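K.L.:
Have a peek at coords.cif (mmCIF, C-alpha atoms).
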```
data_coords
#
loop_
_atom_site.label_atom_id
_atom_site.label_comp_id
_atom_site.auth_asym_id
_atom_site.auth_seq_id
_atom_site.Cartn_x
_atom_site.Cartn_y
_atom_site.Cartn_z
CA GLU Y 1 129.16 45.29 80.95
CA ALA Y 2 129.56 48.40 78.81
CA GLY Y 3 128.10 48.18 75.33
CA VAL Y 4 129.58 49.13 71.97
CA ALA Y 5 130.40 52.85 71.90
CA GLN Y 6 130.37 55.00 68.78
CA SER Y 7 131.08 58.66 68.13
CA PRO Y 8 129.97 61.03 66.91
CA ARG Y 9 126.24 60.28 66.96
CA TYR Y 10 125.46 62.76 64.20
CA LYS Y 11 127.56 64.44 61.53
CA ILE Y 12 126.69 66.82 58.73
CA ILE Y 13 129.32 67.56 56.09
CA GLU Y 14 129.46 68.91 52.58
CA LYS Y 15 130.29 66.68 49.63
CA ARG Y 16 134.00 66.26 48.98
CA GLN Y 17 134.80 66.79 52.67
CA SER Y 18 136.25 64.01 54.80
CA VAL Y 19 134.81 62.42 57.93
CA ALA Y 20 135.88 59.83 60.48
CA PHE Y 21 133.87 57.61 62.79
CA TRP Y 22 135.13 55.89 65.91
CA CYS Y 23 134.04 52.62 67.52
CA ASN Y 24 134.99 51.01 70.82
CA PRO Y 25 133.73 47.40 70.97
CA ILE Y 26 132.77 45.41 74.02
CA SER Y 27 135.88 44.46 75.96
CA GLY Y 28 137.31 41.14 74.85
CA HIS Y 29 135.30 40.89 71.63
CA ALA Y 30 137.60 39.68 68.87
CA THR Y 31 135.39 40.47 65.89
CA LEU Y 32 134.36 43.99 64.85
CA TYR Y 33 132.02 44.92 62.02
CA TRP Y 34 131.26 48.20 60.26
CA TYR Y 35 127.93 48.48 58.46
CA GLN Y 36 126.34 51.11 56.24
CA GLN Y 37 122.56 51.40 56.50
CA ILE Y 38 120.78 53.53 53.94
CA LEU Y 39 117.27 54.67 54.83
CA GLY Y 40 114.74 51.89 54.22
CA GLN Y 41 117.39 49.19 53.80
CA GLY Y 42 118.95 46.59 56.03
CA PRO Y 43 122.56 47.07 57.16
CA LYS Y 44 125.24 46.32 54.56
CA LEU Y 45 128.59 44.99 55.76
CA LEU Y 46 131.49 47.26 54.84
CA ILE Y 47 134.33 45.56 56.67
CA GLN Y 48 134.89 42.80 59.23
CA PHE Y 49 137.94 42.61 61.48
CA GLN Y 50 139.10 39.66 63.54
CA ASN Y 51 141.43 41.12 66.17
CA ASN Y 52 143.45 43.58 64.06
CA GLY Y 53 143.26 41.63 60.79
CA VAL Y 54 140.73 42.15 58.01
CA VAL Y 55 138.43 39.16 57.37
CA ASP Y 56 136.22 40.68 54.68
CA ASP Y 57 136.30 44.09 53.03
CA SER Y 58 134.80 43.05 49.70
CA GLN Y 59 132.00 45.64 49.89
CA LEU Y 60 134.14 48.55 51.10
CA PRO Y 61 134.50 51.25 48.40
CA LYS Y 62 138.23 51.42 48.76
CA ASP Y 63 138.67 54.47 46.56
CA ARG Y 64 137.07 56.59 49.28
CA PHE Y 65 136.56 54.47 52.40
CA SER Y 66 139.25 53.20 54.73
CA ALA Y 67 139.17 51.49 58.09
CA GLU Y 68 141.65 50.37 60.66
CA ARG Y 69 141.59 48.57 63.97
CA LEU Y 70 144.67 49.37 65.96
CA LYS Y 71 145.84 46.83 68.52
CA GLY Y 72 142.70 44.79 67.92
CA VAL Y 73 140.51 47.07 70.02
CA ASP Y 74 139.16 50.44 68.83
CA SER Y 75 138.41 51.05 65.18
CA THR Y 76 138.01 54.06 62.91
CA LEU Y 77 136.18 54.29 59.60
CA LYS Y 78 137.04 57.18 57.28
CA ILE Y 79 135.40 58.56 54.17
CA GLN Y 80 137.46 60.85 51.94
CA PRO Y 81 136.02 62.51 49.91
CA ALA Y 82 132.36 62.09 50.81
CA LYS Y 83 129.60 61.86 48.21
CA LEU Y 84 125.90 62.57 48.56
CA GLU Y 85 125.12 58.83 48.38
CA ASP Y 86 127.21 58.24 51.51
CA SER Y 87 124.38 59.70 53.60
CA ALA Y 88 123.43 56.82 55.87
CA VAL Y 89 123.69 55.44 59.38
CA TYR Y 90 127.06 53.82 60.06
CA LEU Y 91 126.80 51.02 62.58
CA CYS Y 92 129.56 49.28 64.46
CA ALA Y 93 129.03 45.85 66.00
CA SER Y 94 131.20 43.38 67.86
CA SER Y 95 131.06 39.73 68.79
CA PRO Y 96 133.21 37.37 70.84
CA TRP Y 97 135.34 34.79 69.05
CA GLY Y 98 133.58 31.53 68.49
CA ASN Y 99 130.08 32.72 69.33
CA SER Y 100 127.58 30.36 67.86
CA TYR Y 101 125.07 31.53 65.30
CA GLY Y 102 126.58 34.94 64.76
CA GLU Y 103 125.13 37.02 67.60
CA GLN Y 104 126.40 40.57 67.35
CA TYR Y 105 126.18 43.54 69.69
CA PHE Y 106 125.48 46.85 67.98
CA GLY Y 107 126.45 50.38 68.86
CA PRO Y 108 124.02 53.33 68.64
CA GLY Y 109 125.21 54.28 65.15
CA THR Y 110 126.42 57.50 63.55
CA ARG Y 111 123.96 59.30 61.30
CA LEU Y 112 125.87 60.98 58.45
CA THR Y 113 124.27 63.59 56.24
CA VAL Y 114 126.22 64.74 53.18
CA THR Y 115 124.92 67.97 51.62
CA LYS I 116 115.82 37.47 44.71
CA ASN I 117 117.13 38.72 48.06
CA GLU I 118 118.71 36.12 50.29
CA VAL I 119 116.57 37.27 53.22
CA GLU I 120 113.04 38.42 52.46
CA GLN I 121 110.71 40.07 54.94
CA SER I 122 107.03 40.89 54.73
CA PRO I 123 105.31 43.21 55.05
CA GLN I 124 107.66 46.17 54.49
CA ASN I 125 105.36 48.52 56.36
CA LEU I 126 102.69 47.71 58.92
CA THR I 127 100.29 50.00 60.77
CA ALA I 128 98.27 48.53 63.61
CA GLN I 129 95.85 49.73 66.25
CA GLU I 130 96.94 49.39 69.84
CA GLY I 131 96.05 45.94 71.14
CA GLU I 132 96.18 44.17 67.80
CA PHE I 133 98.07 40.91 67.22
CA ILE I 134 100.94 41.46 64.78
CA THR I 135 102.86 39.01 62.60
CA ILE I 136 106.01 39.71 60.62
CA ASN I 137 107.37 37.02 58.31
CA CYS I 138 110.89 36.20 57.18
CA SER I 139 112.11 33.73 54.54
CA TYR I 140 115.77 33.08 53.94
CA SER I 141 117.86 31.09 51.49
CA VAL I 142 121.31 31.43 53.04
CA GLY I 143 123.12 30.72 56.19
CA ILE I 144 123.39 28.12 58.85
CA SER I 145 120.35 26.77 60.62
CA ALA I 146 119.48 29.76 62.73
CA LEU I 147 117.91 33.19 62.47
CA HIS I 148 118.08 36.45 64.38
CA TRP I 149 115.31 38.95 65.03
CA LEU I 150 116.47 42.50 65.73
CA GLN I 151 114.70 45.71 66.71
CA GLN I 152 115.77 49.16 65.56
CA HIS I 153 114.24 52.31 67.05
CA PRO I 154 114.44 55.76 65.43
CA GLY I 155 117.93 57.03 66.10
CA GLY I 156 119.62 53.94 64.74
CA GLY I 157 120.67 51.57 67.52
CA ILE I 158 119.90 47.87 66.98
CA VAL I 159 118.92 45.51 69.77
CA SER I 160 118.86 41.74 69.52
CA LEU I 161 115.44 40.26 70.34
CA PHE I 162 115.85 36.57 69.59
CA MET I 163 118.25 34.04 68.15
CA LEU I 164 116.40 30.93 67.02
CA SER I 165 117.75 27.59 65.92
CA SER I 166 114.57 25.59 66.41
CA GLY I 167 110.99 25.79 67.62
CA LYS I 168 109.72 28.82 69.42
CA LYS I 169 110.92 31.44 71.88
CA LYS I 170 108.90 33.88 73.96
CA HIS I 171 109.89 37.06 75.74
CA GLY I 172 107.08 39.06 77.24
CA ARG I 173 104.62 39.89 74.47
CA LEU I 174 107.03 38.84 71.73
CA ILE I 175 107.02 35.33 70.27
CA ALA I 176 109.34 34.06 67.54
CA THR I 177 108.99 30.79 65.66
CA ILE I 178 111.19 29.09 63.12
CA ASN I 179 110.80 26.22 60.64
CA ILE I 180 114.34 25.21 59.72
CA GLN I 181 113.26 22.82 56.93
CA GLU I 182 111.21 25.52 55.21
CA LYS I 183 113.69 28.32 56.12
CA HIS I 184 110.91 30.49 57.42
CA SER I 185 110.45 32.41 60.63
CA SER I 186 107.75 34.61 62.12
CA LEU I 187 107.78 37.28 64.79
CA HIS I 188 104.52 37.83 66.63
CA ILE I 189 103.61 40.67 68.96
CA THR I 190 100.57 40.16 71.17
CA ALA I 191 98.57 43.10 72.56
CA SER I 192 100.62 45.60 70.57
CA HIS I 193 101.48 48.96 72.15
CA PRO I 194 102.71 52.26 70.66
CA ARG I 195 106.12 51.65 72.26
CA ASP I 196 106.46 48.61 69.97
CA SER I 197 106.74 51.04 67.03
CA ALA I 198 110.13 50.33 65.47
CA VAL I 199 111.78 48.60 62.55
CA TYR I 200 112.05 44.83 62.96
CA ILE I 201 114.84 43.12 61.03
CA CYS I 202 115.52 39.44 60.52
CA ALA I 203 119.06 38.29 59.80
CA ALA I 204 120.54 34.94 58.78
CA PRO I 205 124.04 34.06 60.00
CA LYS I 206 126.65 32.49 57.75
CA GLY I 207 130.25 31.87 58.38
CA ASP I 208 133.08 29.67 59.37
CA SER I 209 132.81 28.02 62.74
CA GLY I 210 136.46 27.04 62.40
CA ALA I 211 137.49 30.66 62.01
CA GLY I 212 135.20 31.57 64.87
CA SER I 213 133.43 34.42 63.12
CA TYR I 214 130.17 34.88 61.30
CA GLN I 215 128.44 37.39 59.10
CA LEU I 216 124.78 38.32 59.13
CA THR I 217 122.70 38.73 55.99
CA PHE I 218 119.93 41.18 56.80
CA GLY I 219 116.42 41.62 55.50
CA LYS I 220 115.27 45.11 54.59
CA GLY I 221 113.21 45.41 57.74
CA THR I 222 109.55 45.85 58.56
CA LYS I 223 108.53 49.28 59.80
CA LEU I 224 105.83 48.88 62.43
CA SER I 225 103.68 51.77 63.61
CA VAL I 226 101.22 51.11 66.44
CA ILE I 227 98.56 53.79 66.78
CA PRO I 228 96.93 54.49 70.15
#
```
In structure tokens, how does this file's structure come out?
P.N.:
Amino acid sequence: EAGVAQSPRYKIIEKRQSVAFWCNPISGHATLYWYQQILGQGPKLLIQFQNNGVVDDSQLPKDRFSAERLKGVDSTLKIQPAKLEDSAVYLCASSPWGNSYGEQYFGPGTRLTVT
Amino acid sequence: KNEVEQSPQNLTAQEGEFITINCSYSVGISALHWLQQHPGGGIVSLFMLSSGKKKHGRLIATINIQEKHSSLHITASHPRDSAVYICAAPKGDSGAGSYQLTFGKGTKLSVIP
């Protein structure tokens, strides 16, 4: 079974530029999560999708971040314009519907550096 | 107070030492996850515990549901065990079929040869 795929793995941009990250979850997984992980911290949930609907985006900075999950499969996360404090690892995870106790499968992450 | 607290934040050990990482949580349903994160970012699930103890190779995880406390032990530690270990408590709606994880800040383990 293929795991969660993310691209790019690394990205360096200047502040005020825009950037997009892509995630392909495990086939058949209904729930998709985007996390932001700042160095030395645990992951922070940005947005949770169930199929192509948003379950929780309460911690997504909507003035600059946007995310979509077309057809309930792949997802993109965009930052426009980027700030220095957006430097972090962006993780995508997926889980099947109804999994007990919240087990999630994580992608390799995208390391973003904003200069 | 964080909802999921881990200790210690950083740990350096000599190869072969017995290692313990602790996690206390105040949220979530009666279960806990232990995750491993190597440099480069990817996270791997080690254990999901809802009671008692689980063992996988040199890794042992225990949980006390009543006290909301869990420990991760590594026996005969090796430099390849160097990583960040994160505990996470699940919370959510079983009716909706989806959960969220509340993560600790992680424990950075360095095992020196």
K.L.:
Got a sec: who's within 7 Å of Ala128 (chain I), counting all atoms listed in the file, leaving out chain neighbours fewer than 2 positions off, as a PyMOL selection string?
P.N.:
chain I and resi 126+130+132+225-227
K.L.:
For the provided coordinates, the residues matched by the PyMOL selection byres ((chain I) within 6 of (chain Y)) should be stated as a ChimeraX atom specification.
P.N.:
/I:156-158,205,212,214,218-220
K.L.:
Please compute the CA of Ser27 (chain Y)-CA of Asn51 (chain Y) distance, one decimal, in Å.
P.N.:
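Separating CA of Ser27 (chain Y) from CA of Asn51 (chain Y) is a distance of 11.7 Å.
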K.L.:
Taking the file above as input, evaluate the PyMOL selection byres ((chain Y and resi 75-81) around 6) and report the hits as a ChimeraX atom specification.
P.N.:
/Y:16-23,64-69,74,82
K.L.:
I want to know what sits within 7 Å of Ser166 (chain I), based on only C-alpha atoms, with residues of the same chain fewer than 2 positions away left out; could you give that as a PDB file with C-alpha atoms, keeping the file's coordinate frame?
P.N.:
```pdb
ATOM      1  CA  LEU I 164     116.400  30.930  67.020  1.00  0.00           C
ATOM      2  CA  LYS I 168     109.720  28.820  69.420  1.00  0.00           C
ATOM      3  CA  ILE I 178     111.190  29.090  63.120  1.00  0.00           C
ATOM      4  CA  ASN I 179     110.800  26.220  60.640  1.00  0.00           C
ATOM      5  CA  ILE I 180     114.340  25.210  59.720  1.00  0.00           C
TER       6      ILE I 180
END
```
K.L.:
Can you sort out the box for region 151-160 of chain I, edges along x, y and z, all listed atoms in, 3 Å on every side, with centre and edge lengths in Å to one decimal, as lines of an AutoDock Vina configuration file?
P.N.:
```
center_x = 117.5
center_y = 49.4
center_z = 67.3
size_x = 12.4
size_y = 21.3
size_z = 11.0
```
K.L.:
Smallest atom-to-atom distance to Thr113 (chain Y): which of Y:Val73, Y:Gly53, Y:Ile38, Y:Gln6, using all atoms listed in the file?
P.N.:
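When distances to Thr113 (chain Y) are compared using all atoms listed in the file, the smallest one comes from Y:Ile38.
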K.L.:
Running the PyMOL selection byres ((chain Y and resi 46) around 7) on this model by hand, what would come out? Give it as a count of residues only.
P.N.:
9
K.L.:
Would you list the contacts of Ile144 (chain I) as a list in words, taking every protein, DNA or RNA residue within 9 Å and counting only C-alpha atoms, but skipping same-chain residues closer than 2 positions in sequence?
P.N.:
Tyr101 of chain Y; Val142, Ala146, Leu147, Ala204, Pro205, Lys206 and Gly207 of chain I
K.L.:
Take the residues just selected and output them with C-alpha atoms as an mmCIF file, keeping the file's coordinate frame.
P.N.:
```
data_model
loop_
_atom_site.group_PDB
_atom_site.id
_atom_site.type_symbol
_atom_site.label_atom_id
_atom_site.label_comp_id
_atom_site.auth_asym_id
_atom_site.auth_seq_id
_atom_site.Cartn_x
_atom_site.Cartn_y
_atom_site.Cartn_z
ATOM 1 C CA TYR Y 101 125.070 31.530 65.300
ATOM 2 C CA VAL I 142 121.310 31.430 53.040
ATOM 3 C CA ALA I 146 119.480 29.760 62.730
ATOM 4 C CA LEU I 147 117.910 33.190 62.470
ATOM 5 C CA ALA I 204 120.540 34.940 58.780
ATOM 6 C CA PRO I 205 124.040 34.060 60.000
ATOM 7 C CA LYS I 206 126.650 32.490 57.750
ATOM 8 C CA GLY I 207 130.250 31.870 58.380
#
```
K.L.:
Quote the spacing between CA of Leu174 (chain I) and CA of His188 (chain I) in Å to one decimal place.
P.N.:
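Atom-to-atom, CA of Leu174 (chain I) to CA of His188 (chain I), that is 5.8 Å.
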K.L.:
What does the structure give for the distance between CA of Ala203 (chain I) and CA of Gln129 (chain I), in Å to one decimal?
P.N.:
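Separating CA of Ala203 (chain I) from CA of Gln129 (chain I) is a distance of 26.7 Å.
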K.L.:
Show me as a list in words the residues that reach within 10 Å of (131.7, 49.4, 77.7), counting all atoms listed in the file and using the file's own coordinates.
P.N.:
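Output of the proximity query reads Glu1, Ala2, Gly3, Val4, Ala5, Asn24, Pro25, Ile26 and Ser27 of chain Y.
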K.L.:
Taking into account all atoms listed in the file, which residue in the set I:Ser186, I:Ser213, I:Ser192, I:Thr177 is nearest to Pro123 (chain I)?
P.N.:
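So, comparing all the options, the nearest one is I:Ser186.
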K.L.:
Within 6 Å of Ile201 (chain I), counting all atoms listed in the file, which residues show up once you throw out same-chain ones fewer than 5 positions away? Write them as a list in words, please.
P.N.:
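What passes the distance filter is Trp149, Leu150, Gly219 and Gly221 of chain I.
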K.L.:
Considering all atoms listed in the file, can you say which of I:Tyr200, I:Ser165, I:Val119, I:Gln215 comes closest to Thr135 (chain I)?
P.N.:
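That would be I:Tyr200, the residue with the smallest distance to Thr135 (chain I).
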K.L.:
Can you list, as a ChimeraX atom specification, every protein, DNA or RNA residue that comes within 7 Å of Lys183 (chain I) when you count all atoms listed in the file, leaving out same-chain residues fewer than 2 positions away?
P.N.:
/I:139-141,179-181,185
